[in-house]
>>> print(open('data39.txt').read())   # compact mmCIF, C-alpha atoms
# COMPACT_ATOMS: atom_id res chain seq x y z
CA MET A 1 93.51 83.08 121.05
CA THR A 2 95.02 86.31 122.35
CA LEU A 3 97.33 88.08 119.94
CA SER A 4 98.95 91.46 119.67
CA LEU A 5 99.10 92.33 116.01
CA ALA A 6 101.40 95.33 116.34
CA ASP A 7 104.14 93.17 114.81
CA ASP A 8 103.80 93.15 111.00
CA THR A 9 105.42 89.72 110.77
CA LEU A 10 102.90 88.23 113.17
CA LEU A 11 100.06 89.91 111.32
CA HIS A 12 101.28 88.40 108.04
CA VAL A 13 101.49 84.92 109.58
CA VAL A 14 97.97 85.20 110.99
CA GLU A 15 96.54 86.43 107.68
CA GLU A 16 98.32 83.62 105.80
CA ARG A 17 96.84 81.07 108.20
CA LEU A 18 93.39 82.57 107.73
CA GLY A 19 93.81 82.32 103.96
CA GLU A 20 94.75 78.63 104.25
CA LEU A 21 91.70 77.90 106.37
CA LEU A 22 89.32 79.76 104.06
CA ARG A 23 90.69 77.94 101.02
CA ALA A 24 90.23 74.63 102.84
CA GLN A 25 86.68 75.68 103.70
CA ARG A 26 85.91 76.34 100.03
CA ARG A 27 87.27 72.89 99.10
CA GLY A 28 85.22 71.21 101.81
CA ALA A 29 88.43 70.12 103.53
CA LEU A 30 88.27 72.23 106.69
CA PRO A 31 89.60 70.32 109.74
CA PRO A 32 87.21 69.77 112.69
CA ALA A 33 88.52 72.73 114.69
CA GLY A 34 88.94 74.90 111.61
CA GLN A 35 85.74 76.91 111.92
CA THR A 36 86.56 77.83 115.50
CA GLU A 37 90.04 78.91 114.44
CA ILE A 38 88.62 81.03 111.60
CA THR A 39 86.28 82.79 114.01
CA LEU A 40 89.05 83.43 116.55
CA ILE A 41 91.45 84.79 113.92
CA MET A 42 88.80 87.03 112.40
CA ARG A 43 87.79 88.41 115.78
CA THR A 44 91.44 89.13 116.51
CA LEU A 45 91.93 90.87 113.17
CA ALA A 46 88.72 92.85 113.63
CA GLY A 47 89.99 94.19 116.96
CA ARG A 48 86.69 95.73 118.06
CA THR A 49 83.38 94.88 119.68
CA GLY A 50 80.99 96.79 117.38
CA PRO A 51 79.21 95.31 114.35
CA ALA A 52 81.20 94.34 111.29
CA ARG A 53 80.88 96.38 108.12
CA LEU A 54 80.06 95.13 104.64
CA ILE A 55 80.78 97.29 101.61
CA LEU A 56 78.87 96.43 98.44
CA MET A 57 79.54 98.11 95.11
CA ALA A 58 77.43 99.00 92.11
CA GLY A 59 79.30 99.86 88.95
CA LEU A 60 80.01 98.75 85.41
CA PRO A 61 83.34 97.30 84.22
CA GLY A 62 85.97 100.02 84.36
CA SER A 63 84.19 102.08 87.02
CA GLY A 64 86.96 101.51 89.58
CA LYS A 65 85.45 98.88 91.86
CA THR A 66 88.65 96.88 92.31
CA THR A 67 90.71 100.03 92.88
CA VAL A 68 88.37 101.06 95.70
CA ALA A 69 88.22 97.53 97.08
CA ARG A 70 92.00 97.24 97.21
CA GLU A 71 92.25 100.57 98.99
CA LEU A 72 89.77 99.32 101.59
CA GLU A 73 91.77 96.09 101.82
CA SER A 74 94.85 98.16 102.68
CA ARG A 75 92.81 99.62 105.54
CA GLY A 76 92.03 96.22 107.01
CA TYR A 77 88.96 95.07 105.11
CA LEU A 78 88.78 91.51 103.84
CA ARG A 79 88.42 91.80 100.05
CA ILE A 80 86.42 89.03 98.39
CA CYS A 81 86.42 88.99 94.58
CA PRO A 82 84.30 86.34 92.80
CA ASP A 83 85.94 87.08 89.42
CA GLU A 84 89.32 86.09 90.86
CA ARG A 85 87.83 82.85 92.16
CA VAL A 86 86.42 82.04 88.72
CA PHE A 87 89.85 82.72 87.20
CA GLU A 88 91.58 80.49 89.78
CA GLN A 89 89.21 77.58 89.22
CA HIS A 90 88.37 77.80 85.52
CA GLY A 91 90.97 79.95 83.81
CA HIS A 92 90.47 82.92 81.56
CA TYR A 93 87.06 84.07 80.35
CA GLY A 94 86.89 83.68 76.58
CA ARG A 95 90.10 81.68 76.28
CA ASP A 96 89.82 78.69 78.64
CA PHE A 97 86.04 78.50 78.54
CA PRO A 98 83.37 80.03 76.27
CA ARG A 99 82.33 83.61 76.92
CA GLY A 100 78.70 82.56 77.21
CA ALA A 101 79.48 80.06 79.98
CA TYR A 102 80.64 82.53 82.63
CA LYS A 103 77.46 82.59 84.71
CA ILE A 104 77.38 78.80 84.93
CA ARG A 105 80.88 78.77 86.42
CA GLU A 106 80.23 81.78 88.61
CA ARG A 107 77.04 80.50 90.28
CA PRO A 108 78.57 77.93 92.69
CA ILE A 109 81.40 80.34 93.48
CA LEU A 110 78.91 83.01 94.53
CA SER A 111 77.37 80.49 96.93
CA GLU A 112 80.81 79.82 98.41
CA VAL A 113 81.48 83.55 98.66
CA ALA A 114 78.19 84.13 100.48
CA ALA A 115 79.10 81.46 103.04
CA GLU A 116 82.58 82.91 103.52
CA LEU A 117 81.14 86.39 103.83
CA ARG A 118 78.69 85.28 106.53
CA THR A 119 81.51 83.64 108.48
CA ALA A 120 83.72 86.72 108.28
CA LEU A 121 81.00 89.18 109.25
CA ALA A 122 79.73 87.03 112.10
CA ALA A 123 83.29 86.94 113.42
CA GLY A 124 83.46 90.74 113.36
CA ARG A 125 85.61 91.18 110.24
CA ASP A 126 84.94 94.09 107.88
CA VAL A 127 84.44 92.91 104.30
CA VAL A 128 84.33 94.55 100.88
CA LEU A 129 82.68 92.53 98.11
CA ASP A 130 84.66 93.31 94.96
CA HIS A 131 81.85 92.52 92.57
CA GLY A 132 79.70 94.62 90.26
CA LEU A 133 76.11 94.37 91.44
CA TRP A 134 74.19 95.58 88.41
CA THR A 135 70.59 95.15 89.51
CA HIS A 136 68.52 96.22 92.47
CA ASP A 137 67.56 92.61 93.20
CA GLU A 138 71.20 91.46 93.30
CA ARG A 139 72.09 94.25 95.68
CA GLN A 140 69.16 93.45 97.94
CA GLU A 141 70.19 89.79 98.11
CA TRP A 142 73.73 90.65 99.21
CA ARG A 143 72.50 93.35 101.57
CA GLN A 144 70.31 90.73 103.22
CA VAL A 145 73.29 88.39 103.60
CA GLY A 146 75.16 91.13 105.43
CA GLU A 147 72.26 92.21 107.62
CA ASP A 148 71.47 88.62 108.56
CA ALA A 149 75.07 88.33 109.80
CA GLY A 150 74.58 91.44 111.95
CA ALA A 151 76.71 93.74 109.78
CA VAL A 152 76.28 97.39 108.89
CA VAL A 153 75.91 97.38 105.10
CA THR A 154 76.93 100.25 102.82
CA LEU A 155 76.31 100.28 99.08
CA VAL A 156 78.82 102.32 97.09
CA TYR A 157 77.83 103.52 93.63
CA LEU A 158 80.63 104.28 91.16
CA PRO A 159 79.12 106.31 88.31
CA ALA A 160 81.04 106.93 85.09
CA SER A 161 80.19 107.93 81.55
CA HIS A 162 80.43 105.49 78.67
CA ASP A 163 83.48 107.32 77.30
CA GLU A 164 85.27 107.16 80.67
CA LEU A 165 84.52 103.46 81.02
CA TRP A 166 85.60 102.66 77.48
CA GLU A 167 88.94 104.49 77.83
CA ARG A 168 89.73 102.49 80.98
CA ILE A 169 88.59 99.21 79.45
CA LYS A 170 90.70 99.71 76.32
CA GLU A 171 93.76 100.10 78.54
CA ARG A 172 92.75 97.15 80.70
CA ASN A 173 92.18 94.88 77.70
CA ALA A 174 95.93 94.93 77.06
CA SER A 175 96.50 92.76 80.16
CA THR A 176 93.39 90.64 79.77
CA PHE A 177 95.14 87.25 79.73
CA ASP A 178 97.14 87.91 82.89
CA ASP A 179 94.72 89.73 85.16
CA PRO A 180 91.45 88.14 86.38
CA ASN A 181 90.10 91.65 86.92
CA ALA A 182 90.77 92.61 83.29
CA MET A 183 88.35 90.43 81.35
CA TYR A 184 88.20 91.44 77.71
CA PHE A 185 85.27 93.65 76.75
CA SER A 186 84.49 95.18 73.39
CA GLN A 187 82.69 98.48 73.10
CA GLU A 188 79.60 96.53 72.06
CA ASP A 189 79.88 94.47 75.26
CA LEU A 190 80.03 97.64 77.30
CA LEU A 191 76.97 99.10 75.57
CA ARG A 192 75.05 95.88 76.15
CA HIS A 193 76.03 95.73 79.82
CA GLY A 194 75.22 99.40 80.25
CA ALA A 195 71.69 98.76 79.00
CA ARG A 196 71.23 96.11 81.70
CA PHE A 197 72.71 98.15 84.55
CA GLU A 198 70.29 99.59 87.11
CA PRO A 199 71.86 102.53 88.96
CA PRO A 200 70.81 102.86 92.60
CA THR A 201 67.87 105.22 93.01
CA ALA A 202 66.91 107.52 95.87
CA ASP A 203 64.93 104.77 97.59
CA GLU A 204 68.00 102.49 97.72
CA SER A 205 70.40 103.64 100.43
CA HIS A 206 73.84 104.24 98.91
CA VAL A 207 76.96 106.40 98.89
CA ILE A 208 78.29 107.87 95.64
CA TYR A 209 82.03 107.42 95.22
CA ALA A 210 83.63 110.59 93.87
CA GLY A 211 87.31 109.90 94.45
CA SER A 212 87.43 109.89 98.25
CA LEU A 213 87.01 106.96 100.62
CA ILE A 214 85.90 109.19 103.50
CA PRO A 215 82.16 109.07 102.62
CA VAL A 216 82.47 105.32 102.08
CA ILE A 217 84.01 104.70 105.48
CA GLU A 218 81.76 107.18 107.26
CA GLY A 219 78.74 105.65 105.57
CA SER A 220 79.62 102.28 107.08
CA ALA A 221 80.55 103.56 110.53
>>> encode(input="data39.txt", output="structure tokens")
Amino acid sequence: MTLSLADDTLLHVVEERLGELLRAQRRGALPPAGQTEITLIMRTLAGRTGPARLILMAGLPGSGKTTVARELESRGYLRICPDERVFEQHGHYGRDFPRGAYKIRERPILSEVAAELRTALAAGRDVVLDHGLWTHDERQEWRQVGEDAGAVVTLVYLPASHDELWERIKERNASTFDDPNAMYFSQEDLLRHGARFEPPTADESHVIYAGSLIPVIEGSA
């Protein structure tokens, strides 16, 4: 497959086709030549011979992970968001299924995401995982996935105070039933999650996001 993607219309068609194939892959309905086509499309979209880049993020709800991920997406990264997949398959957290049942529904989706991520990275596509990795062990697991696929992995830490997070979450809660990235959180939820969160330490390689993507991109170059 040899394509020139200078034409925005052609680029859109190729990305739409890739989306169709990846959705079929998640359903277990990928046609026999589908994996080869995925690899060819991703290599074309990557447009380079160096290693792919994987951006991981560590941050609590409201820290700005999705905002950063969407900005990277606009720069050519493939954005993968497990929360959106849960929403697509199971509906809204707390309305369509019990709040305590989220992890059960998320677990198989994370396995699918890991497989998709490996495929994309192996094909040379840059990826940002739009997912809050709260613990050191979680981050190490996803870092290993990226490194095993030959990618350069960068962890981005998005620090924010409780007051900053709560102000953003209060605003976000207003659209909670329409936006998979706006799951409802009370202030008590935020305090509980904050107690479980393990910020990256000096012995865990990471970049601190302070409003600019330049360190993020340079850190993954």
>>> closest_residue(input="data39.txt", among="A:Pro108, A:Gly28, A:Gly132, A:Gly19", to="Leu78 in chain A", atoms="all atoms listed in the file")
A:Gly19
>>> closest_residue(input="data39.txt", among="A:Arg125, A:His206, A:His12, A:Arg53", to="Ile38 in chain A", atoms="all atoms listed in the file")
A:Arg125
>>> closest_residue(input="data39.txt", among="A:Tyr77, A:Phe197, A:Trp166, A:Tyr209", to="Val128 in chain A", atoms="all atoms listed in the file")
A:Tyr77
>>> closest_residue(input="data39.txt", among="A:Gly150, A:Leu72, A:Ile55, A:Ala29", to="Thr119 in chain A", atoms="all atoms listed in the file")
A:Gly150
>>> residues_near_point(input="data39.txt", point="(84.7, 97.5, 92.2)", cutoff="10 Å", atoms="all atoms listed in the file", output="VMD selection string")
chain A and resid 56 to 70 81 128 to 133 156 to 158 181
>>> atom_distance(input="data39.txt", atom1="CA of Pro199 in chain A", atom2="CA of Thr135 in chain A")
7.5 Å
>>> closest_residue(input="data39.txt", among="A:Ile80, A:Ala123, A:Ala24, A:Ile208", to="Leu110 in chain A", atoms="only C-alpha atoms")
A:Ile80
>>> atom_distance(input="data39.txt", atom1="CA of Gly211 in chain A", atom2="CA of Asp163 in chain A")
17.8 Å
>>> closest_residue(input="data39.txt", among="A:Glu164, A:Glu116, A:Asp148, A:Glu106", to="Leu22 in chain A", atoms="all atoms listed in the file")
A:Glu116
>>> atom_distance(input="data39.txt", atom1="CA of Leu18 in chain A", atom2="CA of Val153 in chain A")
23.1 Å
>>> residues_near_point(input="data39.txt", point="(84.2, 95.9, 76.6)", cutoff="12 Å", atoms="only C-alpha atoms", output="short mmCIF file (atom, residue, chain, number, x, y, z; two decimals) with C-alpha atoms, in the frame of the given file")
data_model
loop_
_atom_site.label_atom_id
_atom_site.label_comp_id
_atom_site.auth_asym_id
_atom_site.auth_seq_id
_atom_site.Cartn_x
_atom_site.Cartn_y
_atom_site.Cartn_z
CA LEU A 60 80.01 98.75 85.41
CA PRO A 61 83.34 97.30 84.22
CA GLY A 62 85.97 100.02 84.36
CA HIS A 162 80.43 105.49 78.67
CA ASP A 163 83.48 107.32 77.30
CA LEU A 165 84.52 103.46 81.02
CA TRP A 166 85.60 102.66 77.48
CA GLU A 167 88.94 104.49 77.83
CA ARG A 168 89.73 102.49 80.98
CA ILE A 169 88.59 99.21 79.45
CA LYS A 170 90.70 99.71 76.32
CA GLU A 171 93.76 100.10 78.54
CA ARG A 172 92.75 97.15 80.70
CA ASN A 173 92.18 94.88 77.70
CA ALA A 174 95.93 94.93 77.06
CA THR A 176 93.39 90.64 79.77
CA ALA A 182 90.77 92.61 83.29
CA MET A 183 88.35 90.43 81.35
CA TYR A 184 88.20 91.44 77.71
CA PHE A 185 85.27 93.65 76.75
CA SER A 186 84.49 95.18 73.39
CA GLN A 187 82.69 98.48 73.10
CA GLU A 188 79.60 96.53 72.06
CA ASP A 189 79.88 94.47 75.26
CA LEU A 190 80.03 97.64 77.30
CA LEU A 191 76.97 99.10 75.57
CA ARG A 192 75.05 95.88 76.15
CA HIS A 193 76.03 95.73 79.82
CA GLY A 194 75.22 99.40 80.25
#
